[in-house]
file my_file.txt (compact mmCIF, C-alpha atoms)
# COMPACT_ATOMS: atom_id res chain seq x y z
CA MET A 1 -55.05 -81.49 -85.76
CA LEU A 2 -55.47 -85.10 -86.87
CA PRO A 3 -56.48 -85.89 -90.47
CA PHE A 4 -59.98 -87.18 -89.62
CA GLN A 5 -60.58 -84.09 -87.43
CA ARG A 6 -59.72 -81.82 -90.35
CA LEU A 7 -62.08 -83.90 -92.51
CA LEU A 8 -64.98 -83.59 -90.06
CA ALA A 9 -64.36 -79.83 -89.70
CA ARG A 10 -65.20 -79.30 -93.38
CA PRO A 11 -68.79 -78.66 -94.53
CA LEU A 12 -70.84 -81.72 -95.45
CA ALA A 13 -70.98 -81.00 -99.21
CA THR A 14 -67.18 -80.49 -99.50
CA ALA A 15 -66.42 -83.64 -97.53
CA ALA A 16 -68.87 -85.71 -99.53
CA LYS A 17 -67.32 -84.54 -102.85
CA THR A 18 -63.83 -85.33 -101.60
CA SER A 19 -64.48 -88.85 -100.28
CA PRO A 20 -67.98 -89.90 -99.11
CA ALA A 21 -66.78 -93.31 -97.93
CA ALA A 22 -63.93 -91.81 -95.95
CA TYR A 23 -66.28 -89.27 -94.34
CA ALA A 24 -68.79 -91.96 -93.40
CA CYS A 25 -66.06 -94.18 -91.96
CA CYS A 26 -64.96 -91.30 -89.77
CA ALA A 27 -68.55 -90.80 -88.62
CA THR A 28 -69.12 -94.46 -87.75
CA ARG A 29 -67.76 -96.07 -84.60
CA LEU A 30 -65.80 -99.29 -84.57
CA TYR A 31 -65.44 -102.00 -81.96
CA ALA A 32 -62.02 -102.33 -80.33
CA THR A 33 -60.63 -105.72 -81.44
CA THR A 34 -57.39 -107.58 -80.85
CA ASP A 35 -57.16 -109.13 -84.31
CA ASN A 36 -56.90 -105.73 -86.06
CA VAL A 37 -60.17 -106.37 -87.92
CA GLN A 38 -62.53 -103.42 -88.20
CA ARG A 39 -66.03 -104.35 -87.01
CA PHE A 40 -68.84 -101.84 -87.15
CA ARG A 41 -71.16 -101.47 -84.18
CA GLN A 42 -74.23 -101.52 -86.44
CA ALA A 43 -75.02 -105.03 -87.66
CA GLY A 44 -76.65 -103.82 -90.89
CA LEU A 45 -73.67 -101.66 -91.86
CA THR A 46 -71.39 -103.03 -94.59
CA LYS A 47 -68.80 -101.61 -96.95
CA ASP A 48 -71.48 -101.16 -99.63
CA ASN A 49 -73.85 -99.01 -97.57
CA VAL A 50 -71.29 -97.13 -95.48
CA PRO A 51 -71.64 -93.92 -97.56
CA GLN A 52 -75.41 -93.95 -96.84
CA LEU A 53 -75.51 -91.84 -93.70
CA ASP A 54 -79.20 -92.59 -93.08
CA LYS A 55 -78.18 -96.15 -92.10
CA VAL A 56 -75.99 -94.84 -89.31
CA ASP A 57 -77.21 -94.38 -85.72
CA SER A 58 -79.07 -91.11 -85.17
CA ILE A 59 -76.40 -89.99 -82.72
CA LEU A 60 -73.83 -90.24 -85.50
CA ASP A 61 -76.08 -88.74 -88.19
CA PHE A 62 -74.63 -85.45 -89.50
CA THR A 63 -77.51 -84.49 -91.81
CA GLU A 64 -78.08 -81.27 -89.83
CA LEU A 65 -74.39 -80.31 -90.15
CA SER A 66 -74.95 -78.18 -93.26
CA LYS A 67 -77.57 -76.07 -91.45
CA ASP A 68 -76.00 -75.49 -88.05
CA LYS A 69 -72.34 -75.60 -89.12
CA THR A 70 -71.52 -77.36 -85.84
CA LEU A 71 -70.98 -80.86 -84.49
CA ASP A 72 -73.17 -80.25 -81.42
CA GLN A 73 -76.28 -82.43 -81.41
CA LYS A 74 -79.69 -81.05 -80.54
CA LYS A 75 -81.26 -82.17 -77.25
CA LEU A 76 -83.80 -84.90 -77.88
CA PHE A 77 -85.55 -84.51 -74.49
CA PRO A 78 -86.36 -81.41 -72.38
CA ALA A 79 -84.04 -80.80 -69.48
CA SER A 80 -86.93 -80.22 -67.03
CA ARG A 81 -90.04 -82.27 -66.24
CA PRO A 82 -93.18 -81.13 -68.11
CA THR A 83 -95.48 -78.96 -66.02
CA ASP A 84 -98.54 -81.09 -66.80
CA ALA A 85 -97.00 -84.29 -65.39
CA VAL A 86 -98.93 -85.44 -62.32
CA MET A 87 -97.59 -88.24 -60.14
CA ASN A 88 -99.88 -90.75 -58.41
CA THR A 89 -102.87 -89.82 -60.57
CA VAL A 90 -106.31 -90.76 -59.24
CA THR A 91 -108.54 -92.03 -62.01
CA ASP A 92 -112.25 -91.19 -62.33
CA VAL A 93 -113.12 -94.65 -63.65
CA VAL A 94 -114.96 -96.79 -61.09
CA ASP A 95 -115.60 -100.51 -61.60
CA THR A 96 -119.37 -100.48 -60.99
CA PRO A 97 -122.50 -101.27 -63.04
CA LEU A 98 -123.96 -97.86 -62.13
CA SER A 99 -123.97 -95.18 -64.80
CA THR A 100 -122.31 -91.81 -64.35
CA ILE A 101 -125.67 -90.13 -63.67
CA GLU A 102 -126.56 -92.71 -61.01
CA GLN A 103 -123.18 -92.29 -59.35
CA ALA A 104 -123.62 -88.51 -59.23
CA SER A 105 -127.06 -88.86 -57.61
CA LEU A 106 -125.77 -90.98 -54.68
CA LEU A 107 -125.69 -89.54 -51.17
CA LYS A 108 -122.08 -89.13 -50.06
CA LYS A 109 -121.12 -88.59 -46.43
CA THR A 110 -117.55 -88.19 -45.17
CA LEU A 111 -117.85 -89.54 -41.63
CA VAL A 112 -114.13 -89.78 -40.75
CA LEU A 113 -111.31 -87.48 -41.84
CA LYS A 114 -108.15 -87.44 -39.74
CA ARG A 115 -104.40 -87.13 -39.94
CA VAL A 116 -102.40 -90.33 -39.49
CA VAL A 117 -98.66 -91.00 -39.32
CA ASN A 118 -96.74 -93.96 -40.74
CA MET A 119 -93.38 -94.61 -39.08
CA ASN A 120 -90.63 -96.03 -41.29
CA GLY A 121 -86.90 -95.68 -41.84
CA LYS A 122 -87.30 -92.12 -43.09
CA GLY A 123 -89.14 -91.07 -39.94
CA LYS A 124 -92.76 -90.03 -39.51
CA GLN A 125 -94.63 -89.94 -42.82
CA PRO A 126 -97.91 -87.98 -42.35
CA SER A 127 -101.00 -88.59 -44.48
CA MET A 128 -104.77 -88.10 -44.36
CA TYR A 129 -107.29 -90.90 -43.77
CA ALA A 130 -110.92 -90.68 -44.92
CA LEU A 131 -113.93 -92.97 -44.50
CA VAL A 132 -116.91 -92.22 -46.76
CA VAL A 133 -120.41 -93.74 -46.81
CA VAL A 134 -122.52 -93.55 -49.98
CA GLY A 135 -126.06 -94.69 -50.73
CA ASN A 136 -129.15 -94.01 -52.84
CA GLY A 137 -131.68 -93.94 -49.98
CA GLN A 138 -133.48 -97.01 -51.33
CA GLY A 139 -131.54 -99.86 -49.72
CA LEU A 140 -128.26 -99.53 -51.63
CA ALA A 141 -125.23 -98.39 -49.59
CA GLY A 142 -121.55 -99.01 -48.98
CA TYR A 143 -118.48 -97.56 -47.33
CA GLY A 144 -114.90 -97.07 -48.43
CA GLU A 145 -111.57 -96.00 -46.96
CA GLY A 146 -108.88 -93.88 -48.58
CA LYS A 147 -105.48 -92.51 -47.64
CA ASP A 148 -103.44 -89.81 -49.34
CA GLU A 149 -101.23 -86.84 -48.58
CA GLU A 150 -104.04 -84.42 -49.46
CA PRO A 151 -107.48 -84.56 -47.78
CA SER A 152 -109.42 -84.02 -51.01
CA ARG A 153 -107.64 -86.88 -52.77
CA ALA A 154 -108.16 -89.16 -49.75
CA ILE A 155 -111.90 -88.42 -49.83
CA PHE A 156 -111.95 -89.02 -53.59
CA LYS A 157 -110.29 -92.43 -53.20
CA ALA A 158 -112.63 -93.40 -50.36
CA THR A 159 -115.69 -92.35 -52.40
CA ASN A 160 -114.62 -94.46 -55.39
CA ARG A 161 -114.06 -97.49 -53.17
CA ALA A 162 -117.42 -96.96 -51.45
CA ILE A 163 -119.19 -96.89 -54.83
CA LYS A 164 -117.34 -100.05 -55.79
CA ASN A 165 -118.41 -101.78 -52.52
CA LEU A 166 -122.13 -100.97 -52.77
CA ARG A 167 -124.48 -103.66 -51.45
CA PHE A 168 -128.23 -103.99 -50.97
CA PHE A 169 -129.82 -104.05 -47.49
CA GLU A 170 -133.27 -105.50 -46.88
CA ARG A 171 -135.76 -103.19 -45.15
CA TYR A 172 -139.07 -104.06 -43.55
CA ASP A 173 -141.87 -102.00 -45.12
CA ASP A 174 -139.09 -99.87 -46.74
CA ARG A 175 -138.61 -97.90 -43.51
CA THR A 176 -137.08 -100.00 -40.70
CA ILE A 177 -135.13 -103.18 -39.96
CA SER A 178 -136.79 -106.59 -39.82
CA MET A 179 -135.94 -107.44 -36.21
CA ASP A 180 -133.96 -106.30 -33.21
CA ILE A 181 -130.23 -106.86 -33.75
CA GLU A 182 -127.38 -107.33 -31.30
CA HIS A 183 -123.94 -107.43 -32.88
CA LYS A 184 -120.37 -107.34 -31.59
CA PHE A 185 -117.48 -106.02 -33.65
CA HIS A 186 -114.15 -106.13 -31.81
CA ALA A 187 -114.71 -103.98 -28.69
CA THR A 188 -117.94 -102.41 -29.98
CA LYS A 189 -121.32 -103.83 -28.94
CA LEU A 190 -124.21 -102.63 -31.07
CA GLU A 191 -127.96 -102.81 -30.34
CA LEU A 192 -130.39 -101.89 -33.12
CA ARG A 193 -134.17 -102.04 -32.63
CA SER A 194 -137.00 -101.72 -35.15
CA ARG A 195 -139.57 -99.03 -34.39
CA PRO A 196 -143.12 -98.08 -35.51
CA PRO A 197 -143.81 -95.50 -38.24
CA GLY A 198 -143.03 -91.92 -37.29
CA PHE A 199 -140.55 -92.86 -34.57
CA GLY A 200 -137.55 -91.49 -36.45
CA CYS A 201 -133.92 -92.52 -36.30
CA ARG A 202 -132.63 -92.13 -32.75
CA ALA A 203 -129.12 -93.54 -32.53
CA ASN A 204 -125.44 -92.66 -32.69
CA HIS A 205 -124.80 -89.90 -35.25
CA HIS A 206 -122.71 -92.25 -37.40
CA ILE A 207 -125.54 -94.80 -37.41
CA HIS A 208 -127.96 -91.98 -38.24
CA GLU A 209 -125.98 -91.01 -41.37
CA ILE A 210 -125.72 -94.65 -42.45
CA CYS A 211 -129.48 -95.08 -42.07
CA ARG A 212 -130.04 -91.95 -44.19
CA CYS A 213 -127.89 -93.39 -46.98
CA ILE A 214 -129.66 -96.77 -46.79
CA GLY A 215 -133.17 -95.33 -46.46
CA ILE A 216 -134.06 -96.51 -42.92
CA GLN A 217 -136.42 -94.00 -41.33
CA ASP A 218 -137.53 -95.63 -38.04
CA LEU A 219 -134.83 -97.11 -35.81
CA SER A 220 -133.35 -96.81 -32.34
CA GLY A 221 -129.87 -97.93 -31.38
CA LYS A 222 -127.33 -98.05 -28.61
CA VAL A 223 -123.56 -98.33 -28.83
CA ARG A 224 -121.74 -99.91 -25.90
CA GLY A 225 -118.04 -100.40 -25.40
CA SER A 226 -115.74 -98.77 -27.93
CA ARG A 227 -117.32 -95.80 -29.70
CA LYS A 228 -114.58 -95.23 -32.24
CA PRO A 229 -116.15 -94.06 -35.51
CA MET A 230 -114.42 -96.72 -37.62
CA ASN A 231 -115.66 -99.53 -35.34
CA VAL A 232 -119.20 -98.14 -35.13
CA ILE A 233 -119.53 -97.77 -38.91
CA LYS A 234 -118.15 -101.23 -39.70
CA ALA A 235 -120.23 -102.82 -36.92
CA THR A 236 -123.40 -101.20 -38.32
CA PHE A 237 -122.76 -102.50 -41.84
CA GLU A 238 -122.03 -106.01 -40.52
CA ALA A 239 -125.13 -106.01 -38.31
CA LEU A 240 -127.44 -104.89 -41.12
CA SER A 241 -125.92 -107.44 -43.47
CA ASN A 242 -126.58 -110.31 -41.02
CA GLN A 243 -130.18 -109.49 -40.11
CA LYS A 244 -132.84 -112.18 -40.60
CA MET A 245 -135.87 -111.51 -42.74
CA PRO A 246 -139.45 -112.57 -41.79
CA GLU A 247 -139.38 -115.20 -44.55
CA ASP A 248 -136.31 -116.82 -42.97
CA ILE A 249 -137.87 -116.81 -39.49
CA ALA A 250 -141.07 -118.38 -40.81
CA LYS A 251 -139.12 -121.07 -42.64
CA MET A 252 -137.03 -121.93 -39.56
CA ARG A 253 -140.10 -122.18 -37.28
CA GLY A 254 -142.31 -123.97 -39.79
CA LYS A 255 -144.99 -121.27 -39.75
CA LYS A 256 -146.65 -119.06 -42.27
CA LEU A 257 -145.28 -115.64 -43.07
CA ALA A 258 -148.54 -113.96 -42.00
CA ASP A 259 -148.36 -115.56 -38.54
CA VAL A 260 -144.76 -114.41 -38.03
CA GLN A 261 -145.60 -110.87 -39.10
CA ALA A 262 -148.63 -110.81 -36.77
CA VAL A 263 -146.48 -111.81 -33.79
CA TYR A 264 -143.36 -109.76 -34.46
CA TYR A 265 -144.63 -106.75 -36.41
CA LYS A 266 -148.22 -106.29 -35.26
CA GLY A 267 -147.47 -103.07 -33.40
CA HIS A 268 -145.10 -101.80 -36.07
call {"tool": "encode", "arguments": {"input": "my_file.txt", "output": "structure tokens"}}
result
Amino acid sequence: MLPFQRLLARPLATAAKTSPAAYACCATRLYATTDNVQRFRQAGLTKDNVPQLDKVDSILDFTELSKDKTLDQKKLFPASRPTDAVMNTVTDVVDTPLSTIEQASLLKKTLVLKRVVNMNGKGKQPSMYALVVVGNGQGLAGYGEGKDEEPSRAIFKATNRAIKNLRFFERYDDRTISMDIEHKFHATKLELRSRPPGFGCRANHHIHEICRCIGIQDLSGKVRGSRKPMNVIKATFEALSNQKMPEDIAKMRGKKLADVQAVYYKGH
């Protein structure tokens, strides 16, 4: 056994009484140099404070040596991942001016929930896609899309994005649209028509749910071309966002608002 090994094998109190500086020098590590000059790895370590073991790196600190009677260091970190660690956490915080109570009172409808596959170098990576529509039934509505490995988390993401994308839609008499609308979105052709009170909402079931969230009670519609749910929902939101109000029609035609309403909305 080498001399410094015999020195380190002694208890801390015995070694410190024999030669504290020699014990500390054995505990500290030196850089390998070619000029035979001993250089400590710690910049703040000098010959004056070498016996102070609290200045040495924690890995080289032998303060626990008198208790455990061993040179083995305790593990600073657990060997396994904590059980409460959750990867890809979905936060509950939504960037919206609505309060928590107002967000909880919104109507939430999951109109699309399907399994999709992303092809990459690892092969087919399956996940769930969700499209959610939310609204308060008084003209405020929006939709959002979310994707995750679990359906519930995908719906949660889509709901948060829908709340973040809320917008206000104008309604005539708080029950129907202002005028008949024809809108084209990709391969989907949409026809929406205003109807008199008590007519109800007679349209595609996706349009029906959107009208419920917005608060439109009297409307008829027809979907031509592609009837994919994603296209129908996005086409409906675009069409309702681009509708013209009676005030705009009166301003364009140079007439009074009462005259425009008498012509266009007399029977409604």
call {"tool": "atom_distance", "arguments": {"input": "my_file.txt", "atom1": "CA of Leu107 in chain A", "atom2": "CA of Pro126 in chain A"}}
result
29.2 Å
call {"tool": "residues_near_point", "arguments": {"input": "my_file.txt", "point": "(-119.4, -93.4, -59.2)", "cutoff": "9 Å", "atoms": "all atoms listed in the file", "output": "PyMOL selection string"}}
result
chain A and resi 92-96+98-104+106+159-160+162-164
call {"tool": "write_last_selection", "arguments": {"input": "my_file.txt", "atoms": "C-alpha atoms", "output": "tab-separated table (two decimals), keeping the file's coordinate frame"}}
result
chain	number	residue	atom	x	y	z
A	92	ASP	CA	-112.25	-91.19	-62.33
A	93	VAL	CA	-113.12	-94.65	-63.65
A	94	VAL	CA	-114.96	-96.79	-61.09
A	95	ASP	CA	-115.60	-100.51	-61.60
A	96	THR	CA	-119.37	-100.48	-60.99
A	98	LEU	CA	-123.96	-97.86	-62.13
A	99	SER	CA	-123.97	-95.18	-64.80
A	100	THR	CA	-122.31	-91.81	-64.35
A	101	ILE	CA	-125.67	-90.13	-63.67
A	102	GLU	CA	-126.56	-92.71	-61.01
A	103	GLN	CA	-123.18	-92.29	-59.35
A	104	ALA	CA	-123.62	-88.51	-59.23
A	106	LEU	CA	-125.77	-90.98	-54.68
A	159	THR	CA	-115.69	-92.35	-52.40
A	160	ASN	CA	-114.62	-94.46	-55.39
A	162	ALA	CA	-117.42	-96.96	-51.45
A	163	ILE	CA	-119.19	-96.89	-54.83
A	164	LYS	CA	-117.34	-100.05	-55.79
call {"tool": "closest_residue", "arguments": {"input": "my_file.txt", "among": "A:Ser152, A:Thr176, A:Thr110, A:Gln261", "to": "Ile214 in chain A", "atoms": "only C-alpha atoms"}}
result
A:Thr176
call {"tool": "residues_near_point", "arguments": {"input": "my_file.txt", "point": "(-114.0, -104.1, -25.9)", "cutoff": "7 Å", "atoms": "all atoms listed in the file", "output": "ChimeraX atom specification"}}
result
/A:186-188,225-226
call {"tool": "atom_distance", "arguments": {"input": "my_file.txt", "atom1": "CA of Met230 in chain A", "atom2": "CA of Met119 in chain A"}}
result
21.2 Å
call {"tool": "closest_atom_pairs", "arguments": {"input": "my_file.txt", "of": "range 132-221 of chain A", "to": "range 233-243 of chain A", "cutoff": "9 Å", "atoms": "all atoms listed in the file", "output": "Markdown table"}}
result
| residue | atom | partner | partner_atom | distance |
| --- | --- | --- | --- | --- |
| A:Val133 | CA | A:Ile233 | CA | 8.9 |
| A:Gly142 | CA | A:Phe237 | CA | 8.0 |
| A:Tyr143 | CA | A:Lys234 | CA | 8.5 |
| A:Arg167 | CA | A:Ser241 | CA | 8.9 |
| A:Phe168 | CA | A:Ser241 | CA | 8.6 |
| A:Phe169 | CA | A:Ser241 | CA | 6.5 |
| A:Glu170 | CA | A:Leu240 | CA | 8.2 |
| A:Ile177 | CA | A:Leu240 | CA | 8.0 |
| A:Ser178 | CA | A:Gln243 | CA | 7.2 |
| A:Met179 | CA | A:Gln243 | CA | 7.3 |
| A:Asp180 | CA | A:Gln243 | CA | 8.5 |
| A:Ile181 | CA | A:Gln243 | CA | 6.9 |
| A:Glu182 | CA | A:Ala239 | CA | 7.5 |
| A:His183 | CA | A:Ala239 | CA | 5.7 |
| A:Lys184 | CA | A:Ala235 | CA | 7.0 |
| A:Phe185 | CA | A:Ala235 | CA | 5.3 |
| A:His186 | CA | A:Ala235 | CA | 8.6 |
| A:Thr188 | CA | A:Ala235 | CA | 7.3 |
| A:Lys189 | CA | A:Ala235 | CA | 8.1 |
| A:Leu190 | CA | A:Ala235 | CA | 7.1 |
| A:Leu192 | CA | A:Ala239 | CA | 8.5 |
| A:His206 | CA | A:Ile233 | CA | 6.5 |
| A:Ile207 | CA | A:Thr236 | CA | 6.8 |
| A:Ile210 | CA | A:Ile233 | CA | 7.8 |
call {"tool": "atom_distance", "arguments": {"input": "my_file.txt", "atom1": "CA of Lys109 in chain A", "atom2": "CA of Glu209 in chain A"}}
result
7.4 Å
call {"tool": "closest_residue", "arguments": {"input": "my_file.txt", "among": "A:Gly135, A:Gly144, A:Arg193, A:Leu166", "to": "Val223 in chain A", "atoms": "only C-alpha atoms"}}
result
A:Arg193
call {"tool": "decode", "arguments": {"input": "my_file.txt", "residues": "range 224-249 of chain A", "atoms": "N, CA, C and O atoms", "output": "short mmCIF file (atom, residue, chain, number, x, y, z; two decimals), in the first residue's frame"}}
result
data_model
loop_
_atom_site.label_atom_id
_atom_site.label_comp_id
_atom_site.auth_asym_id
_atom_site.auth_seq_id
_atom_site.Cartn_x
_atom_site.Cartn_y
_atom_site.Cartn_z
N ARG A 224 -72.66 21.65 -50.52
CA ARG A 224 -72.42 21.00 -51.80
C ARG A 224 -70.92 20.75 -51.96
O ARG A 224 -70.09 21.48 -51.43
N GLY A 225 -70.61 19.74 -52.73
CA GLY A 225 -69.20 19.40 -52.93
C GLY A 225 -68.69 18.54 -51.79
O GLY A 225 -69.35 17.60 -51.34
N SER A 226 -67.51 18.87 -51.30
CA SER A 226 -66.89 18.10 -50.23
C SER A 226 -67.65 18.32 -48.92
O SER A 226 -67.92 19.46 -48.52
N ARG A 227 -67.99 17.24 -48.26
CA ARG A 227 -68.69 17.31 -46.97
C ARG A 227 -67.80 16.86 -45.82
O ARG A 227 -68.31 16.39 -44.78
N LYS A 228 -66.52 16.98 -45.97
CA LYS A 228 -65.62 16.63 -44.87
C LYS A 228 -65.87 17.56 -43.69
O LYS A 228 -66.05 18.78 -43.86
N PRO A 229 -65.93 17.00 -42.48
CA PRO A 229 -66.25 17.85 -41.32
C PRO A 229 -65.32 19.04 -41.15
O PRO A 229 -65.78 20.15 -40.83
N MET A 230 -64.03 18.85 -41.35
CA MET A 230 -63.09 19.96 -41.19
C MET A 230 -63.40 21.09 -42.16
O MET A 230 -63.41 22.27 -41.78
N ASN A 231 -63.68 20.74 -43.43
CA ASN A 231 -63.97 21.76 -44.43
C ASN A 231 -65.29 22.46 -44.13
O ASN A 231 -65.41 23.68 -44.29
N VAL A 232 -66.31 21.70 -43.72
CA VAL A 232 -67.62 22.30 -43.44
C VAL A 232 -67.53 23.28 -42.27
O VAL A 232 -68.09 24.39 -42.32
N ILE A 233 -66.82 22.89 -41.22
CA ILE A 233 -66.71 23.76 -40.04
C ILE A 233 -65.94 25.04 -40.37
O ILE A 233 -66.38 26.15 -40.04
N LYS A 234 -64.81 24.90 -41.05
CA LYS A 234 -64.02 26.09 -41.38
C LYS A 234 -64.75 26.97 -42.39
O LYS A 234 -64.67 28.20 -42.32
N ALA A 235 -65.48 26.36 -43.33
CA ALA A 235 -66.25 27.15 -44.30
C ALA A 235 -67.36 27.92 -43.60
O ALA A 235 -67.64 29.09 -43.95
N THR A 236 -68.01 27.32 -42.61
CA THR A 236 -69.08 28.00 -41.88
C THR A 236 -68.55 29.21 -41.12
O THR A 236 -69.16 30.29 -41.14
N PHE A 237 -67.41 29.06 -40.46
CA PHE A 237 -66.84 30.18 -39.71
C PHE A 237 -66.41 31.30 -40.66
O PHE A 237 -66.61 32.48 -40.36
N GLU A 238 -65.83 30.95 -41.80
CA GLU A 238 -65.44 31.98 -42.77
C GLU A 238 -66.66 32.69 -43.34
O GLU A 238 -66.66 33.92 -43.49
N ALA A 239 -67.71 31.94 -43.66
CA ALA A 239 -68.91 32.54 -44.24
C ALA A 239 -69.58 33.50 -43.25
O ALA A 239 -69.99 34.61 -43.63
N LEU A 240 -69.69 33.09 -41.98
CA LEU A 240 -70.32 33.96 -41.00
C LEU A 240 -69.47 35.18 -40.67
O LEU A 240 -70.00 36.21 -40.26
N SER A 241 -68.16 35.05 -40.84
CA SER A 241 -67.29 36.19 -40.58
C SER A 241 -67.36 37.22 -41.70
O SER A 241 -67.09 38.41 -41.47
N ASN A 242 -67.71 36.79 -42.92
CA ASN A 242 -67.71 37.69 -44.08
C ASN A 242 -69.10 38.20 -44.44
O ASN A 242 -69.26 38.80 -45.51
N GLN A 243 -70.11 37.94 -43.62
CA GLN A 243 -71.45 38.39 -43.96
C GLN A 243 -71.56 39.92 -43.84
O GLN A 243 -70.86 40.55 -43.03
N LYS A 244 -72.43 40.50 -44.65
CA LYS A 244 -72.65 41.94 -44.66
C LYS A 244 -73.85 42.28 -43.79
O LYS A 244 -74.89 41.62 -43.85
N MET A 245 -73.71 43.33 -43.02
CA MET A 245 -74.77 43.78 -42.14
C MET A 245 -75.69 44.77 -42.88
O MET A 245 -75.29 45.37 -43.87
N PRO A 246 -76.93 44.95 -42.41
CA PRO A 246 -77.84 45.91 -43.07
C PRO A 246 -77.27 47.32 -43.14
O PRO A 246 -77.52 48.05 -44.11
N GLU A 247 -76.50 47.73 -42.13
CA GLU A 247 -75.90 49.06 -42.16
C GLU A 247 -74.93 49.20 -43.33
O GLU A 247 -74.88 50.24 -44.00
N ASP A 248 -74.15 48.13 -43.60
CA ASP A 248 -73.22 48.18 -44.72
C ASP A 248 -73.95 48.23 -46.07
O ASP A 248 -73.54 48.94 -46.99
N ILE A 249 -75.03 47.46 -46.18
CA ILE A 249 -75.79 47.46 -47.44
C ILE A 249 -76.41 48.83 -47.68
O ILE A 249 -76.39 49.36 -48.81
#
